[in-house]
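These notes concern the structure reproduced below.
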Amino acid sequence: MSLALDPAAQDLLFREARTANTFTAEPVSEEQVQAIYDLVKYGPTSMNQSPLRITLVRSAEARERLVQHMAEGNRAKTATAPLVAILSADNEFHEELPHLFPHFPQAKDVVFSDRGVRESQAALNAALQAAYFIIGIRAAGLAAGPMTGLDFEGVRKDFLDDDHTPLMVVNIGKPGEDAWYPRSPRLEFDQVVTTV
């Protein structure tokens with residue numbers, strides 16, 4: 001076997017895991033979300049940037065507001081998932097760098113003084129962290145339904161601020177009845193990998 005990870009864990013995280021479209025009513029606890037975050041926070045990013053911000057949508061009022069920003073095909077999924085998270089990139093992430101990247105505390109001002117640089121780095125590294133978050137949800141025995149079919153500006157205005165850029169909405173819970181679409185194909189190794 002070429003991988004150190006147990007085959008059952010490989011299945012849980014990748015081969016058998018799917019994007020869920022329906023969920024049971026079983027709640028997702030704060031403790032589960034904390035455990036997920038405490039695992040995935042160790043995923044690598046450039047210069048240990050940690051721009052991902054997670055907004056948990058738990059109240060009925062907030063859920064109703066969020067549903068209005070979702071694309072038509074995503075509204076029912078978001079309305080019925082046990083937990084919904086808005087994942088965003090904090091464009092002021094550099095303020096934490098003296099703590100997170102202590103061997104180069106000047107990086108905050110030397111590398112990231114320009115807002116455009118911060119925004120591009122925040123988008124890239126928060127997207128990495130979002131992927132880790134989805135894998136963490138799977139590691140917790142839950143299913144994730146990440147979606148980008150939404151009114152991003154509406155979500156930003158309604159739930160965030162000018163310093164945060166929404167990336168996606170993720171429905172979280174135990175998969176419900178008919179949760180999966182048929183597995184879509186993937187590219188093969190030789191279609192993706194080139195050796196030079």
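Labels used: A, B, ... for chains in the order of the structure tokens, numbers from 1 for residues in each chain, and numbers from 1 for ligands as shown.
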Find the spatial neighbours of region 18-30 of chain A, counting only C-alpha atoms, within a cut-off of 6 Å - ignore same-chain residues fewer than 4 positions away - and output them as a PyMOL selection string. chain A and resi 81-82+143-145+173-176+179-180
Create the file for the chosen residues now, containing all heavy atoms and written as a PDB file, in the first residue's frame.
```
ATOM      1  N   ALA A  81     -30.844  22.155   6.224  1.00  0.00           N
ATOM      2  CA  ALA A  81     -29.639  21.560   6.811  1.00  0.00           C
ATOM      3  C   ALA A  81     -29.603  21.858   8.316  1.00  0.00           C
ATOM      4  O   ALA A  81     -30.000  22.939   8.751  1.00  0.00           O
ATOM      5  CB  ALA A  81     -28.393  22.122   6.134  1.00  0.00           C
ATOM      6  N   PRO A  82     -29.112  20.923   9.123  1.00  0.00           N
ATOM      7  CA  PRO A  82     -29.043  21.162  10.567  1.00  0.00           C
ATOM      8  C   PRO A  82     -28.164  22.353  10.935  1.00  0.00           C
ATOM      9  O   PRO A  82     -28.440  23.053  11.898  1.00  0.00           O
ATOM     10  CB  PRO A  82     -28.443  19.869  11.119  1.00  0.00           C
ATOM     11  CG  PRO A  82     -28.680  18.851  10.074  1.00  0.00           C
ATOM     12  CD  PRO A  82     -28.698  19.574   8.763  1.00  0.00           C
ATOM     13  N   ALA A 143     -21.570  15.023   6.813  1.00  0.00           N
ATOM     14  CA  ALA A 143     -21.488  15.331   5.392  1.00  0.00           C
ATOM     15  C   ALA A 143     -21.511  16.843   5.212  1.00  0.00           C
ATOM     16  O   ALA A 143     -22.130  17.569   5.988  1.00  0.00           O
ATOM     17  CB  ALA A 143     -22.649  14.698   4.633  1.00  0.00           C
ATOM     18  N   ALA A 144     -20.817  17.290   4.178  1.00  0.00           N
ATOM     19  CA  ALA A 144     -20.775  18.711   3.843  1.00  0.00           C
ATOM     20  C   ALA A 144     -21.455  18.926   2.502  1.00  0.00           C
ATOM     21  O   ALA A 144     -21.339  18.099   1.599  1.00  0.00           O
ATOM     22  CB  ALA A 144     -19.331  19.205   3.791  1.00  0.00           C
ATOM     23  N   GLY A 145     -22.117  20.049   2.392  1.00  0.00           N
ATOM     24  CA  GLY A 145     -22.703  20.458   1.122  1.00  0.00           C
ATOM     25  C   GLY A 145     -22.208  21.848   0.775  1.00  0.00           C
ATOM     26  O   GLY A 145     -22.914  22.834   0.996  1.00  0.00           O
ATOM     27  N   GLY A 173     -24.241  18.283   8.218  1.00  0.00           N
ATOM     28  CA  GLY A 173     -25.093  17.393   8.993  1.00  0.00           C
ATOM     29  C   GLY A 173     -24.938  15.950   8.575  1.00  0.00           C
ATOM     30  O   GLY A 173     -24.060  15.598   7.790  1.00  0.00           O
ATOM     31  N   LYS A 174     -25.790  15.109   9.122  1.00  0.00           N
ATOM     32  CA  LYS A 174     -25.848  13.705   8.710  1.00  0.00           C
ATOM     33  C   LYS A 174     -26.637  13.637   7.401  1.00  0.00           C
ATOM     34  O   LYS A 174     -27.689  14.270   7.272  1.00  0.00           O
ATOM     35  CB  LYS A 174     -26.548  12.857   9.771  1.00  0.00           C
ATOM     36  CG  LYS A 174     -25.773  12.732  11.070  1.00  0.00           C
ATOM     37  CD  LYS A 174     -24.665  11.715  10.931  1.00  0.00           C
ATOM     38  CE  LYS A 174     -24.016  11.460  12.289  1.00  0.00           C
ATOM     39  NZ  LYS A 174     -22.928  10.499  12.184  1.00  0.00           N
ATOM     40  N   PRO A 175     -26.159  12.882   6.411  1.00  0.00           N
ATOM     41  CA  PRO A 175     -26.872  12.827   5.138  1.00  0.00           C
ATOM     42  C   PRO A 175     -28.270  12.250   5.302  1.00  0.00           C
ATOM     43  O   PRO A 175     -28.481  11.308   6.069  1.00  0.00           O
ATOM     44  CB  PRO A 175     -25.990  11.942   4.259  1.00  0.00           C
ATOM     45  CG  PRO A 175     -25.096  11.207   5.197  1.00  0.00           C
ATOM     46  CD  PRO A 175     -24.966  12.047   6.423  1.00  0.00           C
ATOM     47  N   GLY A 176     -29.211  12.840   4.568  1.00  0.00           N
ATOM     48  CA  GLY A 176     -30.596  12.401   4.620  1.00  0.00           C
ATOM     49  C   GLY A 176     -30.931  11.451   3.483  1.00  0.00           C
ATOM     50  O   GLY A 176     -30.050  10.920   2.800  1.00  0.00           O
ATOM     51  N   ALA A 179     -29.531  11.645  -0.530  1.00  0.00           N
ATOM     52  CA  ALA A 179     -28.611  12.770  -0.328  1.00  0.00           C
ATOM     53  C   ALA A 179     -27.645  12.969  -1.483  1.00  0.00           C
ATOM     54  O   ALA A 179     -27.101  14.061  -1.663  1.00  0.00           O
ATOM     55  CB  ALA A 179     -27.817  12.564   0.961  1.00  0.00           C
ATOM     56  N   TRP A 180     -27.408  11.908  -2.279  1.00  0.00           N
ATOM     57  CA  TRP A 180     -26.321  11.967  -3.247  1.00  0.00           C
ATOM     58  C   TRP A 180     -26.822  11.998  -4.686  1.00  0.00           C
ATOM     59  O   TRP A 180     -27.750  11.289  -5.041  1.00  0.00           O
ATOM     60  CB  TRP A 180     -25.403  10.747  -3.117  1.00  0.00           C
ATOM     61  CG  TRP A 180     -25.168  10.273  -1.730  1.00  0.00           C
ATOM     62  CD1 TRP A 180     -25.485   9.058  -1.210  1.00  0.00           C
ATOM     63  CD2 TRP A 180     -24.564  10.999  -0.655  1.00  0.00           C
ATOM     64  NE1 TRP A 180     -25.115   8.980   0.102  1.00  0.00           N
ATOM     65  CE2 TRP A 180     -24.542  10.154   0.476  1.00  0.00           C
ATOM     66  CE3 TRP A 180     -24.029  12.287  -0.550  1.00  0.00           C
ATOM     67  CZ2 TRP A 180     -24.005  10.558   1.699  1.00  0.00           C
ATOM     68  CZ3 TRP A 180     -23.505  12.683   0.663  1.00  0.00           C
ATOM     69  CH2 TRP A 180     -23.495  11.823   1.766  1.00  0.00           C
TER      70      TRP A 180
END
```
Using 7 Å as the limit and counting only C-alpha atoms, can you tabulate each residue of region 107-196 of chain A that touches region 41-55 of chain A, with its shortest atom-to-atom distance in Å and the two atoms involved, as a tab-separated table?
```
residue	atom	partner	partner_atom	distance
A:Ala122	CA	A:Pro51	CA	5.5
A:Asn125	CA	A:Thr45	CA	5.8
A:Ala126	CA	A:Leu52	CA	4.5
A:Gln129	CA	A:Leu52	CA	6.2
A:Tyr132	CA	A:Gly43	CA	6.6
```
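You will find CA of Thr148 (chain A) at 19.1 Å from CA of Arg183 (chain A).
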Find the residues around region 106-108 of chain A up to 12 Å (only C-alpha atoms counted), leave out those fewer than 5 positions away in its own chain, and share them as a compact mmCIF listing (two decimals) with all heavy atoms, in the first residue's frame.
```txt
# COMPACT_ATOMS: atom_id res chain seq x y z
N SER A 46 0.30 29.56 3.35
CA SER A 46 1.48 30.38 3.11
C SER A 46 1.75 31.27 4.32
O SER A 46 0.87 32.00 4.78
CB SER A 46 1.25 31.24 1.86
OG SER A 46 2.33 32.12 1.66
N MET A 47 2.98 31.21 4.84
CA MET A 47 3.39 32.02 5.98
C MET A 47 2.45 31.87 7.18
O MET A 47 2.27 32.80 7.96
CB MET A 47 3.52 33.49 5.58
CG MET A 47 4.58 33.74 4.52
SD MET A 47 4.67 35.45 3.97
CE MET A 47 5.51 36.18 5.36
N ASN A 48 1.83 30.70 7.30
CA ASN A 48 0.91 30.41 8.39
C ASN A 48 -0.26 31.39 8.46
O ASN A 48 -0.84 31.62 9.52
CB ASN A 48 1.64 30.34 9.74
CG ASN A 48 0.89 29.50 10.75
OD1 ASN A 48 0.21 28.55 10.40
ND2 ASN A 48 0.99 29.86 12.01
N GLN A 49 -0.59 31.97 7.32
CA GLN A 49 -1.77 32.86 7.28
C GLN A 49 -3.00 32.06 7.71
O GLN A 49 -3.13 30.89 7.37
CB GLN A 49 -1.99 33.38 5.86
CG GLN A 49 -0.89 34.26 5.33
CD GLN A 49 -1.10 34.56 3.86
OE1 GLN A 49 -2.21 34.78 3.41
NE2 GLN A 49 -0.01 34.56 3.10
N GLU A 92 -8.04 41.41 6.47
CA GLU A 92 -7.14 42.03 7.46
C GLU A 92 -6.43 40.96 8.29
O GLU A 92 -6.01 41.21 9.41
CB GLU A 92 -7.94 42.98 8.37
CG GLU A 92 -8.58 44.15 7.61
CD GLU A 92 -7.55 45.05 6.94
OE1 GLU A 92 -6.55 45.40 7.59
OE2 GLU A 92 -7.73 45.37 5.75
N PHE A 93 -6.29 39.77 7.69
CA PHE A 93 -5.64 38.65 8.37
C PHE A 93 -4.23 38.98 8.83
O PHE A 93 -3.72 38.39 9.79
CB PHE A 93 -5.57 37.43 7.44
CG PHE A 93 -4.60 37.62 6.31
CD1 PHE A 93 -3.26 37.27 6.46
CD2 PHE A 93 -5.02 38.18 5.11
CE1 PHE A 93 -2.36 37.46 5.42
CE2 PHE A 93 -4.12 38.37 4.07
CZ PHE A 93 -2.79 38.02 4.23
N HIS A 94 -3.59 39.92 8.16
CA HIS A 94 -2.19 40.23 8.44
C HIS A 94 -1.98 40.77 9.86
O HIS A 94 -0.87 40.71 10.39
CB HIS A 94 -1.64 41.21 7.41
CG HIS A 94 -2.23 42.58 7.48
ND1 HIS A 94 -3.59 42.82 7.44
CD2 HIS A 94 -1.64 43.79 7.60
CE1 HIS A 94 -3.81 44.12 7.53
NE2 HIS A 94 -2.65 44.73 7.63
N GLU A 95 -3.04 41.27 10.47
CA GLU A 95 -2.92 41.79 11.84
C GLU A 95 -2.53 40.68 12.82
O GLU A 95 -1.96 40.96 13.88
CB GLU A 95 -4.23 42.44 12.28
CG GLU A 95 -4.63 43.67 11.48
CD GLU A 95 -3.67 44.85 11.65
OE1 GLU A 95 -2.88 44.86 12.63
OE2 GLU A 95 -3.70 45.76 10.80
N GLU A 96 -2.83 39.43 12.48
CA GLU A 96 -2.50 38.29 13.34
C GLU A 96 -1.11 37.72 13.07
O GLU A 96 -0.64 36.84 13.81
CB GLU A 96 -3.54 37.18 13.17
CG GLU A 96 -4.97 37.59 13.45
CD GLU A 96 -5.21 37.93 14.91
OE1 GLU A 96 -4.43 37.47 15.77
OE2 GLU A 96 -6.17 38.66 15.19
N LEU A 97 -0.44 38.17 12.02
CA LEU A 97 0.83 37.55 11.63
C LEU A 97 1.95 37.68 12.66
O LEU A 97 2.73 36.73 12.80
CB LEU A 97 1.30 38.10 10.28
CG LEU A 97 0.57 37.51 9.06
CD1 LEU A 97 1.12 38.13 7.78
CD2 LEU A 97 0.67 36.00 9.01
N PRO A 98 2.07 38.79 13.40
CA PRO A 98 3.14 38.80 14.42
C PRO A 98 3.03 37.64 15.41
O PRO A 98 4.04 37.13 15.87
CB PRO A 98 2.94 40.16 15.10
CG PRO A 98 2.35 41.02 14.03
CD PRO A 98 1.42 40.10 13.28
N HIS A 99 1.80 37.21 15.68
CA HIS A 99 1.59 36.05 16.56
C HIS A 99 1.75 34.73 15.80
O HIS A 99 2.38 33.79 16.29
CB HIS A 99 0.19 36.13 17.18
CG HIS A 99 -0.26 34.88 17.85
ND1 HIS A 99 0.32 34.40 19.01
CD2 HIS A 99 -1.23 33.99 17.52
CE1 HIS A 99 -0.28 33.28 19.36
NE2 HIS A 99 -1.22 33.01 18.48
N LEU A 100 1.19 34.66 14.58
CA LEU A 100 1.16 33.41 13.84
C LEU A 100 2.46 33.09 13.12
O LEU A 100 2.73 31.93 12.80
CB LEU A 100 0.02 33.45 12.80
CG LEU A 100 -1.39 33.51 13.37
CD1 LEU A 100 -2.40 33.71 12.25
CD2 LEU A 100 -1.72 32.26 14.17
N PHE A 101 3.24 34.10 12.82
CA PHE A 101 4.49 33.92 12.07
C PHE A 101 5.60 34.66 12.80
O PHE A 101 6.19 35.62 12.30
CB PHE A 101 4.29 34.46 10.65
CG PHE A 101 5.20 33.87 9.61
CD1 PHE A 101 5.23 32.51 9.37
CD2 PHE A 101 6.01 34.70 8.85
CE1 PHE A 101 6.06 31.98 8.40
CE2 PHE A 101 6.84 34.18 7.87
CZ PHE A 101 6.87 32.81 7.65
N SER A 113 1.33 45.20 3.39
CA SER A 113 0.82 46.55 3.59
C SER A 113 -0.18 46.94 2.49
O SER A 113 -1.07 47.75 2.71
CB SER A 113 1.96 47.56 3.65
OG SER A 113 2.69 47.56 2.44
N ASP A 114 -0.05 46.34 1.31
CA ASP A 114 -0.94 46.65 0.18
C ASP A 114 -2.22 45.83 0.26
O ASP A 114 -2.18 44.60 0.35
CB ASP A 114 -0.21 46.37 -1.14
CG ASP A 114 -1.07 46.67 -2.34
OD1 ASP A 114 -1.23 47.86 -2.67
OD2 ASP A 114 -1.60 45.71 -2.95
N ARG A 115 -3.37 46.49 0.20
CA ARG A 115 -4.67 45.81 0.31
C ARG A 115 -4.86 44.77 -0.80
O ARG A 115 -5.38 43.68 -0.55
CB ARG A 115 -5.79 46.86 0.29
CG ARG A 115 -7.20 46.31 0.22
CD ARG A 115 -7.71 45.83 1.55
NE ARG A 115 -9.07 45.33 1.44
CZ ARG A 115 -9.93 45.32 2.42
NH1 ARG A 115 -9.59 45.78 3.60
NH2 ARG A 115 -11.14 44.85 2.25
N VAL A 117 -2.62 42.97 -2.37
CA VAL A 117 -1.83 41.78 -2.04
C VAL A 117 -2.54 40.97 -0.97
O VAL A 117 -2.65 39.74 -1.06
CB VAL A 117 -0.40 42.18 -1.59
CG1 VAL A 117 0.35 40.99 -1.02
CG2 VAL A 117 0.36 42.82 -2.74
N ARG A 118 -3.04 41.65 0.05
CA ARG A 118 -3.75 40.95 1.13
C ARG A 118 -4.98 40.22 0.61
O ARG A 118 -5.23 39.07 0.97
CB ARG A 118 -4.16 41.93 2.23
CG ARG A 118 -3.02 42.41 3.07
CD ARG A 118 -3.49 42.99 4.39
NE ARG A 118 -4.54 43.97 4.32
CZ ARG A 118 -4.37 45.27 4.11
NH1 ARG A 118 -3.15 45.75 3.91
NH2 ARG A 118 -5.39 46.10 4.10
```
Which polymer residues have any atom within 12 Å of an atom of region 85-87 of chain A, counting only C-alpha atoms, with same-chain residues fewer than 2 positions away left out, as a VMD selection string? chain A and resid 28 33 51 to 59 62 to 63 66 to 67 69 to 70 78 81 to 83 89 to 90 123 126 to 134 137 144 to 148 150 152 155 to 156 158 to 160 164 to 173
Residue list (strand (DSSP E or B), DSSP) for region 7-196 of chain A, as a PyMOL selection string: chain A and resi 23+52-57+70+83-90+143-147+150+164-173+175
Just list the residues in chain A DSSP gives alpha helix (DSSP H) on the backbone, as a ChimeraX atom specification. /A:7-10,30-40,60-69,72-80,97-100,107-110,115-139,152-159,189-192
May I have the residues from that selection written out with C-alpha atoms, as a PDB file, in the first residue's frame?
```
ATOM      1  CA  PRO A   7      -8.168   2.453   3.777  1.00  0.00           C
ATOM      2  CA  ALA A   8     -11.304   3.030   5.869  1.00  0.00           C
ATOM      3  CA  ALA A   9     -10.138   6.580   6.606  1.00  0.00           C
ATOM      4  CA  GLN A  10      -9.345   7.084   2.919  1.00  0.00           C
ATOM      5  CA  GLU A  30     -20.964  23.404  18.995  1.00  0.00           C
ATOM      6  CA  GLU A  31     -18.607  20.728  20.345  1.00  0.00           C
ATOM      7  CA  GLN A  32     -18.531  18.975  16.965  1.00  0.00           C
ATOM      8  CA  VAL A  33     -17.706  22.220  15.166  1.00  0.00           C
ATOM      9  CA  GLN A  34     -15.015  23.001  17.753  1.00  0.00           C
ATOM     10  CA  ALA A  35     -13.467  19.545  17.246  1.00  0.00           C
ATOM     11  CA  ILE A  36     -13.513  20.015  13.468  1.00  0.00           C
ATOM     12  CA  TYR A  37     -11.805  23.391  13.719  1.00  0.00           C
ATOM     13  CA  ASP A  38      -9.270  22.166  16.276  1.00  0.00           C
ATOM     14  CA  LEU A  39      -8.228  19.481  13.775  1.00  0.00           C
ATOM     15  CA  VAL A  40      -8.151  21.469  10.538  1.00  0.00           C
ATOM     16  CA  ALA A  60     -34.157  30.807  12.335  1.00  0.00           C
ATOM     17  CA  GLU A  61     -34.079  34.524  11.532  1.00  0.00           C
ATOM     18  CA  ALA A  62     -30.518  34.411  10.202  1.00  0.00           C
ATOM     19  CA  ARG A  63     -31.270  31.217   8.268  1.00  0.00           C
ATOM     20  CA  GLU A  64     -34.246  32.885   6.589  1.00  0.00           C
ATOM     21  CA  ARG A  65     -32.089  35.867   5.574  1.00  0.00           C
ATOM     22  CA  LEU A  66     -29.369  33.591   4.194  1.00  0.00           C
ATOM     23  CA  VAL A  67     -31.806  31.472   2.181  1.00  0.00           C
ATOM     24  CA  GLN A  68     -32.883  34.618   0.312  1.00  0.00           C
ATOM     25  CA  HIS A  69     -29.286  35.069  -0.913  1.00  0.00           C
ATOM     26  CA  GLU A  72     -32.945  28.958  -6.343  1.00  0.00           C
ATOM     27  CA  GLY A  73     -31.597  25.393  -6.518  1.00  0.00           C
ATOM     28  CA  ASN A  74     -29.748  25.800  -3.211  1.00  0.00           C
ATOM     29  CA  ARG A  75     -32.501  27.361  -1.109  1.00  0.00           C
ATOM     30  CA  ALA A  76     -34.225  24.196   0.106  1.00  0.00           C
ATOM     31  CA  LYS A  77     -30.874  22.600   0.989  1.00  0.00           C
ATOM     32  CA  THR A  78     -29.861  25.613   3.064  1.00  0.00           C
ATOM     33  CA  ALA A  79     -33.278  25.942   4.682  1.00  0.00           C
ATOM     34  CA  THR A  80     -33.284  22.337   5.928  1.00  0.00           C
ATOM     35  CA  LEU A  97       0.829  37.553  11.626  1.00  0.00           C
ATOM     36  CA  PRO A  98       3.136  38.805  14.415  1.00  0.00           C
ATOM     37  CA  HIS A  99       1.587  36.048  16.558  1.00  0.00           C
ATOM     38  CA  LEU A 100       1.158  33.406  13.836  1.00  0.00           C
ATOM     39  CA  ALA A 107       5.735  40.442   7.453  1.00  0.00           C
ATOM     40  CA  LYS A 108       2.573  42.245   8.509  1.00  0.00           C
ATOM     41  CA  ASP A 109       3.969  45.535   7.189  1.00  0.00           C
ATOM     42  CA  VAL A 110       6.730  44.460   4.796  1.00  0.00           C
ATOM     43  CA  ARG A 115      -4.668  45.807   0.312  1.00  0.00           C
ATOM     44  CA  GLY A 116      -4.604  44.144  -3.123  1.00  0.00           C
ATOM     45  CA  VAL A 117      -1.829  41.777  -2.042  1.00  0.00           C
ATOM     46  CA  ARG A 118      -3.746  40.950   1.132  1.00  0.00           C
ATOM     47  CA  GLU A 119      -6.965  40.249  -0.751  1.00  0.00           C
ATOM     48  CA  SER A 120      -5.319  37.858  -3.214  1.00  0.00           C
ATOM     49  CA  GLN A 121      -3.438  36.052  -0.441  1.00  0.00           C
ATOM     50  CA  ALA A 122      -6.532  35.928   1.765  1.00  0.00           C
ATOM     51  CA  ALA A 123      -8.595  34.414  -1.055  1.00  0.00           C
ATOM     52  CA  LEU A 124      -6.007  31.721  -1.822  1.00  0.00           C
ATOM     53  CA  ASN A 125      -5.224  30.727   1.747  1.00  0.00           C
ATOM     54  CA  ALA A 126      -8.812  30.900   2.993  1.00  0.00           C
ATOM     55  CA  ALA A 127      -9.787  28.626   0.076  1.00  0.00           C
ATOM     56  CA  LEU A 128      -7.135  26.153   1.262  1.00  0.00           C
ATOM     57  CA  GLN A 129      -8.532  26.357   4.774  1.00  0.00           C
ATOM     58  CA  ALA A 130     -12.083  25.934   3.453  1.00  0.00           C
ATOM     59  CA  ALA A 131     -11.019  22.677   1.787  1.00  0.00           C
ATOM     60  CA  TYR A 132      -9.493  21.509   5.072  1.00  0.00           C
ATOM     61  CA  PHE A 133     -12.753  22.430   6.824  1.00  0.00           C
ATOM     62  CA  ILE A 134     -14.758  20.271   4.419  1.00  0.00           C
ATOM     63  CA  ILE A 135     -12.400  17.337   5.012  1.00  0.00           C
ATOM     64  CA  GLY A 136     -12.708  17.952   8.761  1.00  0.00           C
ATOM     65  CA  ILE A 137     -16.493  17.743   8.504  1.00  0.00           C
ATOM     66  CA  ARG A 138     -16.077  14.365   6.837  1.00  0.00           C
ATOM     67  CA  ALA A 139     -13.583  13.292   9.520  1.00  0.00           C
ATOM     68  CA  PHE A 152     -21.954  36.984  -2.692  1.00  0.00           C
ATOM     69  CA  GLU A 153     -22.432  40.716  -2.302  1.00  0.00           C
ATOM     70  CA  GLY A 154     -25.766  40.186  -0.563  1.00  0.00           C
ATOM     71  CA  VAL A 155     -24.193  37.719   1.869  1.00  0.00           C
ATOM     72  CA  ARG A 156     -21.314  40.110   2.527  1.00  0.00           C
ATOM     73  CA  LYS A 157     -23.656  43.032   3.247  1.00  0.00           C
ATOM     74  CA  ASP A 158     -26.064  40.984   5.339  1.00  0.00           C
ATOM     75  CA  PHE A 159     -23.625  38.892   7.394  1.00  0.00           C
ATOM     76  CA  PHE A 189      -3.541  10.521 -13.247  1.00  0.00           C
ATOM     77  CA  ASP A 190      -2.083  10.809 -16.767  1.00  0.00           C
ATOM     78  CA  GLN A 191      -4.500  13.642 -17.588  1.00  0.00           C
ATOM     79  CA  VAL A 192      -3.283  15.726 -14.672  1.00  0.00           C
TER      80      VAL A 192
END
```
